[in-house]
>>> print(open('my_file19.tsv').read())   # TSV, C-alpha atoms and all ligand atoms
chain	number	residue	atom	x	y	z
A	237	MET	CA	22.38	-12.10	8.02
A	238	ASP	CA	23.03	-14.31	5.00
A	239	GLY	CA	21.36	-17.34	3.44
A	240	PRO	CA	17.75	-18.10	2.54
A	241	LEU	CA	15.19	-17.25	5.18
A	242	LEU	CA	12.44	-19.30	3.53
A	243	THR	CA	12.33	-22.65	1.81
A	244	ARG	CA	9.21	-21.91	-0.24
A	245	VAL	CA	7.25	-18.67	-0.39
A	246	ALA	CA	3.99	-18.32	-2.31
A	247	LEU	CA	3.11	-14.88	-3.65
A	248	ILE	CA	-0.60	-14.63	-4.44
A	249	GLY	CA	-0.87	-11.56	-6.69
A	250	ILE	CA	2.14	-10.29	-8.62
A	251	GLY	CA	1.50	-6.60	-9.27
A	252	LEU	CA	3.54	-3.64	-8.07
A	253	ILE	CA	3.97	-4.92	-4.51
A	254	GLY	CA	4.19	-8.68	-5.19
A	255	SER	CA	6.69	-8.24	-8.02
A	256	SER	CA	8.80	-5.77	-6.02
A	257	LEU	CA	8.97	-8.30	-3.18
A	258	ALA	CA	9.84	-11.10	-5.62
A	259	ARG	CA	12.65	-9.00	-7.09
A	260	ALA	CA	14.00	-8.01	-3.66
A	261	MET	CA	13.87	-11.63	-2.42
A	262	ARG	CA	15.64	-12.87	-5.55
A	263	GLN	CA	18.27	-10.18	-5.37
A	264	ASP	CA	19.10	-11.06	-1.77
A	265	GLY	CA	18.55	-14.84	-2.08
A	266	LEU	CA	15.91	-14.85	0.65
A	267	ALA	CA	13.89	-17.83	-0.59
A	268	GLU	CA	14.92	-21.17	-2.06
A	269	HIS	CA	11.73	-21.27	-4.10
A	270	ILE	CA	9.35	-18.45	-5.06
A	271	ALA	CA	5.96	-19.72	-6.25
A	272	ILE	CA	3.99	-17.12	-8.17
A	273	CYS	CA	0.22	-17.14	-8.48
A	274	THR	CA	-2.07	-14.67	-10.14
A	275	ARG	CA	-5.58	-14.68	-11.53
A	276	ARG	CA	-5.09	-14.02	-15.25
A	277	ASP	CA	-2.99	-16.05	-17.67
A	278	SER	CA	-1.68	-12.87	-19.31
A	279	THR	CA	-0.35	-11.50	-15.99
A	280	LEU	CA	1.21	-14.87	-15.18
A	281	ALA	CA	2.96	-14.90	-18.58
A	282	GLU	CA	4.28	-11.38	-17.92
A	283	ALA	CA	5.67	-12.48	-14.53
A	284	ARG	CA	7.31	-15.51	-16.16
A	285	ASP	CA	8.87	-13.33	-18.90
A	286	LEU	CA	10.26	-11.05	-16.20
A	287	GLY	CA	11.74	-14.11	-14.43
A	288	LEU	CA	10.19	-13.18	-11.10
A	289	GLY	CA	9.81	-16.68	-9.65
A	290	ASP	CA	10.70	-20.37	-9.75
A	291	SER	CA	7.22	-21.69	-10.50
A	292	TYR	CA	4.06	-20.14	-11.90
A	293	THR	CA	0.40	-21.05	-11.57
A	294	THR	CA	-3.11	-19.57	-11.64
A	295	ASP	CA	-4.16	-22.10	-8.97
A	296	PRO	CA	-3.54	-20.68	-5.47
A	297	ARG	CA	-3.80	-24.16	-3.89
A	298	GLU	CA	-0.94	-25.36	-6.05
A	299	ALA	CA	1.13	-22.26	-5.18
A	300	VAL	CA	0.76	-22.66	-1.40
A	301	HIS	CA	1.53	-26.40	-1.44
A	302	GLY	CA	4.57	-26.91	0.84
A	303	ALA	CA	5.05	-23.16	1.41
A	304	ASN	CA	6.30	-22.00	4.79
A	305	LEU	CA	5.17	-18.46	3.99
A	306	VAL	CA	2.17	-17.33	1.93
A	307	MET	CA	2.13	-13.63	1.11
A	308	ILE	CA	-1.15	-12.31	-0.29
A	309	CYS	CA	-0.43	-9.36	-2.59
A	310	ALA	CA	-3.82	-9.01	-4.30
A	311	PRO	CA	-6.49	-6.29	-4.05
A	312	LEU	CA	-8.33	-6.37	-0.69
A	313	GLY	CA	-11.64	-7.32	-2.28
A	314	ALA	CA	-10.16	-10.67	-3.41
A	315	TYR	CA	-8.85	-11.72	0.03
A	316	ALA	CA	-11.79	-13.70	1.44
A	317	ALA	CA	-12.16	-15.82	-1.71
A	318	ILE	CA	-8.38	-16.48	-1.87
A	319	ALA	CA	-8.29	-17.48	1.82
A	320	GLU	CA	-11.27	-19.78	1.44
A	321	ARG	CA	-9.57	-21.45	-1.50
A	322	ILE	CA	-6.17	-22.00	0.13
A	323	GLY	CA	-7.19	-22.63	3.77
A	324	ASP	CA	-7.12	-26.44	3.79
A	325	ALA	CA	-4.14	-26.63	1.42
A	326	LEU	CA	-1.77	-24.86	3.83
A	327	MET	CA	1.14	-26.83	5.26
A	328	PRO	CA	1.11	-27.18	9.09
A	329	GLY	CA	3.17	-24.35	10.57
A	330	CYS	CA	2.69	-22.15	7.51
A	331	VAL	CA	2.65	-18.39	8.11
A	332	VAL	CA	0.01	-16.45	6.17
A	333	SER	CA	0.79	-12.79	5.70
A	334	ASP	CA	-0.21	-10.01	3.33
A	335	VAL	CA	0.60	-6.51	2.13
A	336	GLY	CA	-2.90	-4.98	2.12
A	337	SER	CA	-3.41	-1.31	2.86
A	338	THR	CA	-6.11	-1.87	5.52
A	339	LYS	CA	-5.73	-4.26	8.41
A	340	THR	CA	-9.01	-4.74	10.34
A	341	SER	CA	-10.72	-6.03	7.19
A	342	VAL	CA	-7.80	-8.34	6.45
A	343	ILE	CA	-8.12	-10.05	9.83
A	344	ARG	CA	-11.89	-10.30	9.30
A	345	ASP	CA	-11.45	-11.85	5.83
A	346	LEU	CA	-8.47	-14.15	6.43
A	347	SER	CA	-8.70	-15.45	9.99
A	348	PRO	CA	-11.74	-17.74	9.49
A	349	TYR	CA	-9.72	-19.76	6.93
A	350	VAL	CA	-6.33	-20.00	8.64
A	351	PRO	CA	-6.40	-23.47	10.24
A	352	ASP	CA	-5.09	-24.37	13.69
A	353	GLY	CA	-1.34	-24.94	13.51
A	354	CYS	CA	-0.89	-22.15	10.91
A	355	HIS	CA	-0.27	-18.50	11.79
A	356	LEU	CA	-1.75	-15.23	10.58
A	357	VAL	CA	0.58	-12.21	10.59
A	358	PRO	CA	-1.00	-9.37	8.59
A	359	GLY	CA	1.35	-6.67	7.35
A	360	HIS	CA	1.44	-3.44	5.39
A	361	PRO	CA	4.63	-2.27	3.70
A	362	VAL	CA	4.05	1.48	3.57
A	363	ALA	CA	5.70	1.97	0.20
A	364	GLY	CA	4.31	2.29	-3.27
A	365	THR	CA	3.84	4.23	-6.45
A	366	GLU	CA	0.81	4.99	-8.61
A	367	HIS	CA	1.85	2.27	-11.09
A	368	SER	CA	0.54	-1.28	-11.13
A	369	GLY	CA	1.23	-4.69	-12.64
A	370	PRO	CA	4.31	-6.97	-12.59
A	371	ALA	CA	6.46	-4.69	-14.75
A	372	ALA	CA	5.98	-1.74	-12.40
A	373	GLY	CA	7.85	-3.41	-9.51
A	374	PHE	CA	11.44	-2.81	-8.47
A	375	ALA	CA	13.60	-4.32	-5.74
A	376	GLU	CA	14.39	-1.01	-4.01
A	377	LEU	CA	10.75	-0.07	-3.40
A	378	PHE	CA	10.85	-1.03	0.28
A	379	ARG	CA	14.23	0.42	1.17
A	380	ASP	CA	14.17	2.84	4.15
A	381	ARG	CA	10.40	2.63	4.48
A	382	TRP	CA	8.16	1.40	7.30
A	383	CYS	CA	6.32	-1.88	7.43
A	384	ILE	CA	3.50	-2.24	9.97
A	385	LEU	CA	2.56	-5.69	11.28
A	386	THR	CA	-0.78	-6.26	13.04
A	387	PRO	CA	-0.63	-9.82	14.46
A	388	PRO	CA	-3.75	-10.80	16.42
A	389	PRO	CA	-3.16	-11.24	20.18
A	390	GLY	CA	-1.55	-14.60	20.97
A	391	THR	CA	0.15	-15.05	17.59
A	392	ALA	CA	3.27	-17.23	17.89
A	393	PRO	CA	6.31	-14.95	18.29
A	394	GLU	CA	8.33	-17.08	15.80
A	395	ALA	CA	5.71	-16.41	13.10
A	396	VAL	CA	5.83	-12.66	13.74
A	397	GLY	CA	9.63	-12.88	13.83
A	398	LEU	CA	9.76	-14.56	10.40
A	399	VAL	CA	7.66	-11.86	8.72
A	400	ARG	CA	9.56	-9.13	10.56
A	401	GLU	CA	12.88	-10.52	9.36
A	402	LEU	CA	11.69	-10.78	5.76
A	403	TRP	CA	10.74	-7.10	5.61
A	404	GLN	CA	13.87	-6.04	7.45
A	405	ARG	CA	16.01	-7.95	4.98
A	406	VAL	CA	14.45	-6.09	2.05
A	407	GLY	CA	15.31	-2.80	3.74
A	408	MET	CA	12.27	-1.87	5.86
A	409	SER	CA	11.93	-0.78	9.47
A	410	VAL	CA	9.21	-2.83	11.13
A	411	GLU	CA	6.67	-1.87	13.81
A	412	THR	CA	3.74	-3.76	15.24
A	413	MET	CA	0.43	-2.04	15.82
A	414	ASP	CA	-3.14	-2.70	16.73
A	415	PRO	CA	-5.14	-3.09	13.44
A	416	GLU	CA	-7.74	-0.42	14.30
A	417	HIS	CA	-4.96	2.04	15.11
A	418	HIS	CA	-3.24	1.21	11.81
A	419	ASP	CA	-6.44	1.90	9.90
A	420	LYS	CA	-6.89	5.31	11.57
A	421	VAL	CA	-3.27	6.35	11.00
A	422	LEU	CA	-3.32	5.28	7.35
A	423	GLY	CA	-6.80	6.78	6.99
A	424	ILE	CA	-5.34	10.24	7.53
A	425	THR	CA	-1.86	9.79	6.03
A	426	SER	CA	-2.79	7.88	2.89
A	427	HIS	CA	-6.46	7.19	2.31
A	428	LEU	CA	-7.83	10.70	2.84
A	429	PRO	CA	-5.12	12.33	0.67
A	430	HIS	CA	-6.03	9.92	-2.14
A	431	LEU	CA	-9.72	10.73	-1.74
A	432	ILE	CA	-8.93	14.45	-1.93
A	433	ALA	CA	-6.81	13.90	-5.06
A	434	TYR	CA	-9.53	11.83	-6.73
A	435	THR	CA	-12.04	14.58	-5.88
A	436	ILE	CA	-10.02	17.56	-7.04
A	437	VAL	CA	-8.99	15.94	-10.31
A	438	GLY	CA	-12.62	14.94	-10.88
A	439	THR	CA	-13.74	18.52	-10.21
A	440	ALA	CA	-11.19	19.88	-12.70
A	441	CYS	CA	-12.29	17.27	-15.22
A	442	ALA	CA	-15.89	18.37	-14.93
A	443	LEU	CA	-15.00	21.99	-15.81
A	444	GLN	CA	-16.12	23.04	-19.23
A	445	GLY	CA	-14.34	24.40	-22.31
A	446	ASP	CA	-11.25	26.62	-22.12
A	447	ILE	CA	-10.87	26.31	-18.35
A	448	GLN	CA	-10.54	22.55	-18.64
A	449	LYS	CA	-7.85	22.85	-21.36
A	450	GLU	CA	-5.90	25.32	-19.23
A	451	VAL	CA	-6.05	23.05	-16.20
A	452	VAL	CA	-3.93	20.58	-18.14
A	453	LYS	CA	-1.69	23.26	-19.68
A	454	TYR	CA	-0.81	24.96	-16.37
A	455	SER	CA	-0.90	21.85	-14.21
A	456	ALA	CA	2.69	22.35	-12.94
A	457	GLY	CA	1.29	24.42	-10.07
A	458	GLY	CA	0.30	21.86	-7.40
A	459	PHE	CA	-2.40	20.20	-9.47
A	460	ARG	CA	0.18	17.97	-11.13
A	461	ASP	CA	0.90	16.16	-7.84
A	462	PHE	CA	-2.81	15.51	-7.40
A	463	THR	CA	-3.05	14.04	-10.91
A	464	ARG	CA	-0.20	11.66	-10.08
A	465	ILE	CA	-1.97	10.44	-6.95
A	466	ALA	CA	-5.33	10.27	-8.73
A	467	ALA	CA	-3.77	8.00	-11.37
A	468	SER	CA	-3.46	5.24	-8.75
A	469	ASP	CA	-5.07	1.89	-9.43
A	470	PRO	CA	-8.91	2.18	-9.40
A	471	VAL	CA	-9.54	-1.39	-8.14
A	472	MET	CA	-7.04	-1.11	-5.31
A	473	TRP	CA	-8.43	2.23	-4.13
A	474	ARG	CA	-12.06	1.23	-4.47
A	475	ASP	CA	-11.26	-1.71	-2.18
A	476	ILE	CA	-9.34	0.44	0.32
A	477	PHE	CA	-12.26	2.86	0.77
A	478	LEU	CA	-14.78	0.03	1.07
A	479	ASN	CA	-12.58	-1.78	3.61
A	480	ASN	CA	-11.62	1.20	5.78
A	481	LYS	CA	-15.00	2.87	5.77
A	482	GLU	CA	-15.25	3.92	9.43
A	483	ALA	CA	-11.76	5.43	9.73
A	484	VAL	CA	-11.99	7.23	6.38
A	485	LEU	CA	-15.42	8.68	7.19
A	486	GLU	CA	-14.17	9.83	10.60
A	487	MET	CA	-11.11	11.53	9.10
A	488	LEU	CA	-13.23	13.03	6.33
A	489	GLN	CA	-15.55	14.56	8.93
A	490	ARG	CA	-12.57	16.16	10.71
A	491	PHE	CA	-11.18	17.36	7.39
A	492	THR	CA	-14.51	18.90	6.35
A	493	GLU	CA	-14.72	20.85	9.61
A	494	ASP	CA	-11.16	22.17	9.18
A	495	LEU	CA	-11.85	23.07	5.55
A	496	THR	CA	-14.91	25.00	6.61
A	497	ALA	CA	-12.77	26.94	9.13
A	498	LEU	CA	-10.30	27.91	6.39
A	499	GLN	CA	-13.14	28.76	4.03
A	500	ARG	CA	-14.50	31.10	6.69
A	501	ALA	CA	-11.08	32.71	7.23
A	502	ILE	CA	-10.80	33.43	3.51
A	503	ARG	CA	-14.34	34.81	3.35
A	504	TRP	CA	-13.80	37.19	6.30
A	505	GLY	CA	-10.27	38.19	5.31
A	506	GLU	CA	-8.72	36.64	8.44
A	507	GLY	CA	-5.14	36.61	7.16
A	508	ASP	CA	-3.68	35.84	10.60
A	509	VAL	CA	-5.76	32.65	10.84
A	510	LEU	CA	-4.52	31.51	7.43
A	511	HIS	CA	-0.92	32.47	8.22
A	512	GLN	CA	-0.88	30.63	11.55
A	513	HIS	CA	-2.34	27.54	9.93
A	514	PHE	CA	0.23	27.53	7.11
A	515	GLU	CA	3.06	28.01	9.63
A	516	LYS	CA	1.92	24.86	11.46
A	517	THR	CA	1.67	22.80	8.28
A	518	ARG	CA	5.14	23.94	7.23
A	519	GLU	CA	6.50	22.51	10.50
A	520	ILE	CA	4.88	19.17	9.72
A	521	ARG	CA	6.65	19.14	6.36
A	522	ARG	CA	9.97	19.79	8.15
A	523	ASP	CA	9.30	16.81	10.46
A	524	VAL	CA	8.47	14.58	7.49
A	525	VAL	CA	11.73	15.54	5.76
A	526	GLU	CA	13.73	15.06	8.96
A	527	MET	CA	12.26	11.57	9.39
A	528	HIS	CA	13.41	10.76	5.83
A	529	GLN	CA	9.89	10.04	4.64
A	530	ALA	CA	9.86	12.64	1.84
A	531	GLY	CA	11.59	10.55	-0.84
A	532	LYS	CA	10.36	10.88	-4.40
A	533	PHE	CA	10.43	8.39	-7.20
A	534	ILE	CA	11.86	9.41	-10.49
A	535	TYR	CA	10.84	7.28	-13.43
A	536	THR	CA	13.34	6.43	-16.10
A	537	GLU	CA	13.00	4.22	-19.15
A	538	ASN	CA	14.69	1.43	-17.20
A	539	GLY	CA	12.33	1.60	-14.24
A	540	ALA	CA	12.03	3.70	-11.14
A	541	GLU	CA	14.83	5.15	-9.06
A	542	ARG	CA	14.52	6.73	-5.66
A	543	SER	CA	15.80	10.31	-5.45
A	601	LIG	P1	-1.52	-4.36	-8.62
A	601	LIG	O1	-0.24	-3.86	-9.16
A	601	LIG	O2	-2.80	-3.94	-9.26
A	601	LIG	O3	-1.47	-5.95	-8.58
A	601	LIG	C1	-2.51	-6.73	-8.08
A	601	LIG	C2	-2.20	-8.18	-8.39
A	601	LIG	O4	-3.21	-9.00	-7.81
A	601	LIG	C3	-2.16	-8.48	-9.87
A	601	LIG	O5	-1.12	-9.40	-10.11
A	601	LIG	C4	-3.52	-9.15	-10.10
A	601	LIG	O6	-3.41	-10.08	-11.16
A	601	LIG	C5	-3.67	-9.92	-8.82
A	601	LIG	N1	-5.01	-10.34	-8.50
A	601	LIG	C6	-6.17	-9.67	-8.58
A	601	LIG	N2	-7.17	-10.43	-8.15
A	601	LIG	C7	-6.63	-11.63	-7.82
A	601	LIG	C8	-7.14	-12.86	-7.34
A	601	LIG	N3	-8.42	-12.99	-7.11
A	601	LIG	N4	-6.28	-13.88	-7.12
A	601	LIG	C9	-4.96	-13.74	-7.34
A	601	LIG	N5	-4.41	-12.61	-7.80
A	601	LIG	C10	-5.24	-11.58	-8.04
A	601	LIG	O7	-1.69	-4.00	-7.07
A	601	LIG	P2	-0.58	-3.63	-5.98
A	601	LIG	O8	-0.32	-2.18	-6.04
A	601	LIG	O9	0.55	-4.58	-6.05
A	601	LIG	O10	-1.44	-3.87	-4.66
A	601	LIG	C11	-1.57	-5.15	-4.09
A	601	LIG	C12	-1.92	-5.01	-2.62
A	601	LIG	O11	-0.91	-4.20	-2.02
A	601	LIG	C13	-3.25	-4.32	-2.34
A	601	LIG	O12	-3.94	-5.04	-1.34
A	601	LIG	C14	-2.86	-2.95	-1.84
A	601	LIG	O13	-3.78	-2.47	-0.88
A	601	LIG	C15	-1.48	-3.19	-1.24
A	601	LIG	N6	-0.55	-2.05	-1.25
A	601	LIG	C16	-0.41	-1.30	-2.39
A	601	LIG	C17	0.48	-0.22	-2.39
A	601	LIG	C18	0.65	0.65	-3.62
A	601	LIG	O14	1.09	1.79	-3.52
A	601	LIG	N7	0.33	0.17	-4.80
A	601	LIG	C19	1.24	0.05	-1.25
A	601	LIG	C20	1.13	-0.78	-0.14
A	601	LIG	C21	0.22	-1.82	-0.14
A	601	LIG	P3	-4.33	-10.25	-12.43
A	601	LIG	O15	-3.80	-9.30	-13.46
A	601	LIG	O16	-4.05	-11.65	-12.73
A	601	LIG	O17	-5.75	-9.95	-12.00
>>> encode(input="my_file19.tsv", output="structure tokens", more="lines below")
Ligand code: NAP
Amino acid sequence: MDGPLLTRVALIGIGLIGSSLARAMRQDGLAEHIAICTRRDSTLAEARDLGLGDSYTTDPREAVHGANLVMICAPLGAYAAIAERIGDALMPGCVVSDVGSTKTSVIRDLSPYVPDGCHLVPGHPVAGTEHSGPAAGFAELFRDRWCILTPPPGTAPEAVGLVRELWQRVGMSVETMDPEHHDKVLGITSHLPHLIAYTIVGTACALQGDIQKEVVKYSAGGFRDFTRIAASDPVMWRDIFLNNKEAVLEMLQRFTEDLTALQRAIRWGEGDVLHQHFEKTREIRRDVVEMHQAGKFIYTENGAERS
């Protein structure tokens, strides 16, 4: 479908995700006006230099003025304060959405401030890299990835349809889900793996002397992938763990039990237990590849390209 989908969209937060969305919307002419808002003057200047929008402000009330879609692209810990600030400046009929990595907390933090006559459609584009800031974004980030929407029961279908169409037009497949279910699924597929990476890299870091030097030198063997994940933005990930506490702790408990079982198999020389386990995990990898979710990003001097 051609032509602008939105008259005015306000992006609150213009880091990796916000700037990638701005670029994709610009590339495909999806909005007549993109209003960009961020907290710091320096980040705003960077967004302006990159030409990401049509207007720029550090005042979220100014950004949302007259917007038919507000997309919050800031760290989760900033949501409640942003919502409180913009709530009574929203235009009647405005759709408020977001890109946050947890969804129960987003509904908790945003819904008290979305006035009657406006619509809340939380979303999570499941796409990203370990880089942050406006310069890290690229228009292709969302292509062939999933976006999960978690509209509260009774949300106007046209509002859900608008957000769905936006993500589809930047290349995503869209599903709707219950927010608690989203948080459990992402708890195991994204949040726990990050916690494991942060832990293992921290453990290696705490090693003393020669061993620590050799960890870096021989990091090509598996450890390198963990260091990439553990380089992800500290603010964003702090907020994810604090805002998906229950699901992460539940998944961590399951993980710890399974780790103990493997530890036991190694201790008692139970090769068949290890072998059977690794066979099963290899099948999962095959499924991931078959579902085209195993893409990698290659970084070049001109930005990122999908392999
Ligand atoms: P990012 O690159 O660190 O960018 C965050 C942006 O939010 C920056 O522009 C920052 O600007 C701004 N910001 C911070 N506090 C703010 C506030 N109080 N008001 C307005 N703007 C504020 O982060 P990101 O990776 O784009 O992540 C943004 C959201 O996307 C997070 O909620 C995250 O959970 C979600 N997400 C991330 C990924 C990923 O892989 N990165 C994937 C899917 C979803 P200043 O410099 O001005 O502070």
>>> closest_residue(input="my_file19.tsv", among="A:Leu398, A:Val335, A:Val452, A:Leu257", to="Pro370 of chain A", atoms="only C-alpha atoms")
A:Leu257
>>> atom_distance(input="my_file19.tsv", atom1="atom CA of Ala317 of chain A", atom2="atom C8 of ligand LIG 601 (chain A)")
8.1 Å
>>> residues_near_point(input="my_file19.tsv", point="(-9.3, -10.2, 7.7)", cutoff="12 Å", atoms="only C-alpha atoms", output="VMD selection string")
chain A and resid 308 312 to 320 332 to 350 356 to 359 386 to 388 415 to 416 479 to 480
>>> residues_near_ligand(input="my_file19.tsv", ligand="ligand LIG 601 (chain A)", cutoff="7 Å", atoms="all atoms listed in the file", output="ChimeraX atom specification")
/A:248-254,273-277,279-280,309-312,314,318,335-338,360-370,469,472,476
>>> atom_distance(input="my_file19.tsv", atom1="atom CA of Leu286 of chain A", atom2="atom CA of Pro470 of chain A")
24.3 Å
>>> atom_distance(input="my_file19.tsv", atom1="atom CA of Ala260 of chain A", atom2="atom CA of Val410 of chain A")
16.4 Å
>>> axis_aligned_box(input="my_file19.tsv", around="segment 341-356 of chain A", padding_each_side="8 Å", output="lines of an AutoDock Vina configuration file")
center_x = -6.1
center_y = -15.5
center_z = 9.8
size_x = 27.6
size_y = 34.9
size_z = 23.9
>>> closest_residue(input="my_file19.tsv", among="A:Ala246, A:Leu510, A:Ala371, A:Ile520", to="Leu495 of chain A", atoms="all atoms listed in the file")
A:Leu510
>>> closest_residue(input="my_file19.tsv", among="A:Ala283, A:Ser426, A:His355, A:His418", to="Thr391 of chain A", atoms="all atoms listed in the file")
A:His355
>>> residues_around(input="my_file19.tsv", residues="Ala303 of chain A", least_positions_apart="4", cutoff="10 Å", atoms="only C-alpha atoms", output="list in words")
Leu242, Thr243, Arg244, Val245, Ala246, Leu247, His269, Ile270, Ala271, Glu298, Ala299, Met307, Ala325, Leu326, Met327, Pro328, Gly329, Cys330, Val331 and Val332 of chain A
>>> closest_residue(input="my_file19.tsv", among="A:Gly457, A:Trp403, A:Gln448, A:Ala466", to="Ile432 of chain A", atoms="only C-alpha atoms")
A:Ala466
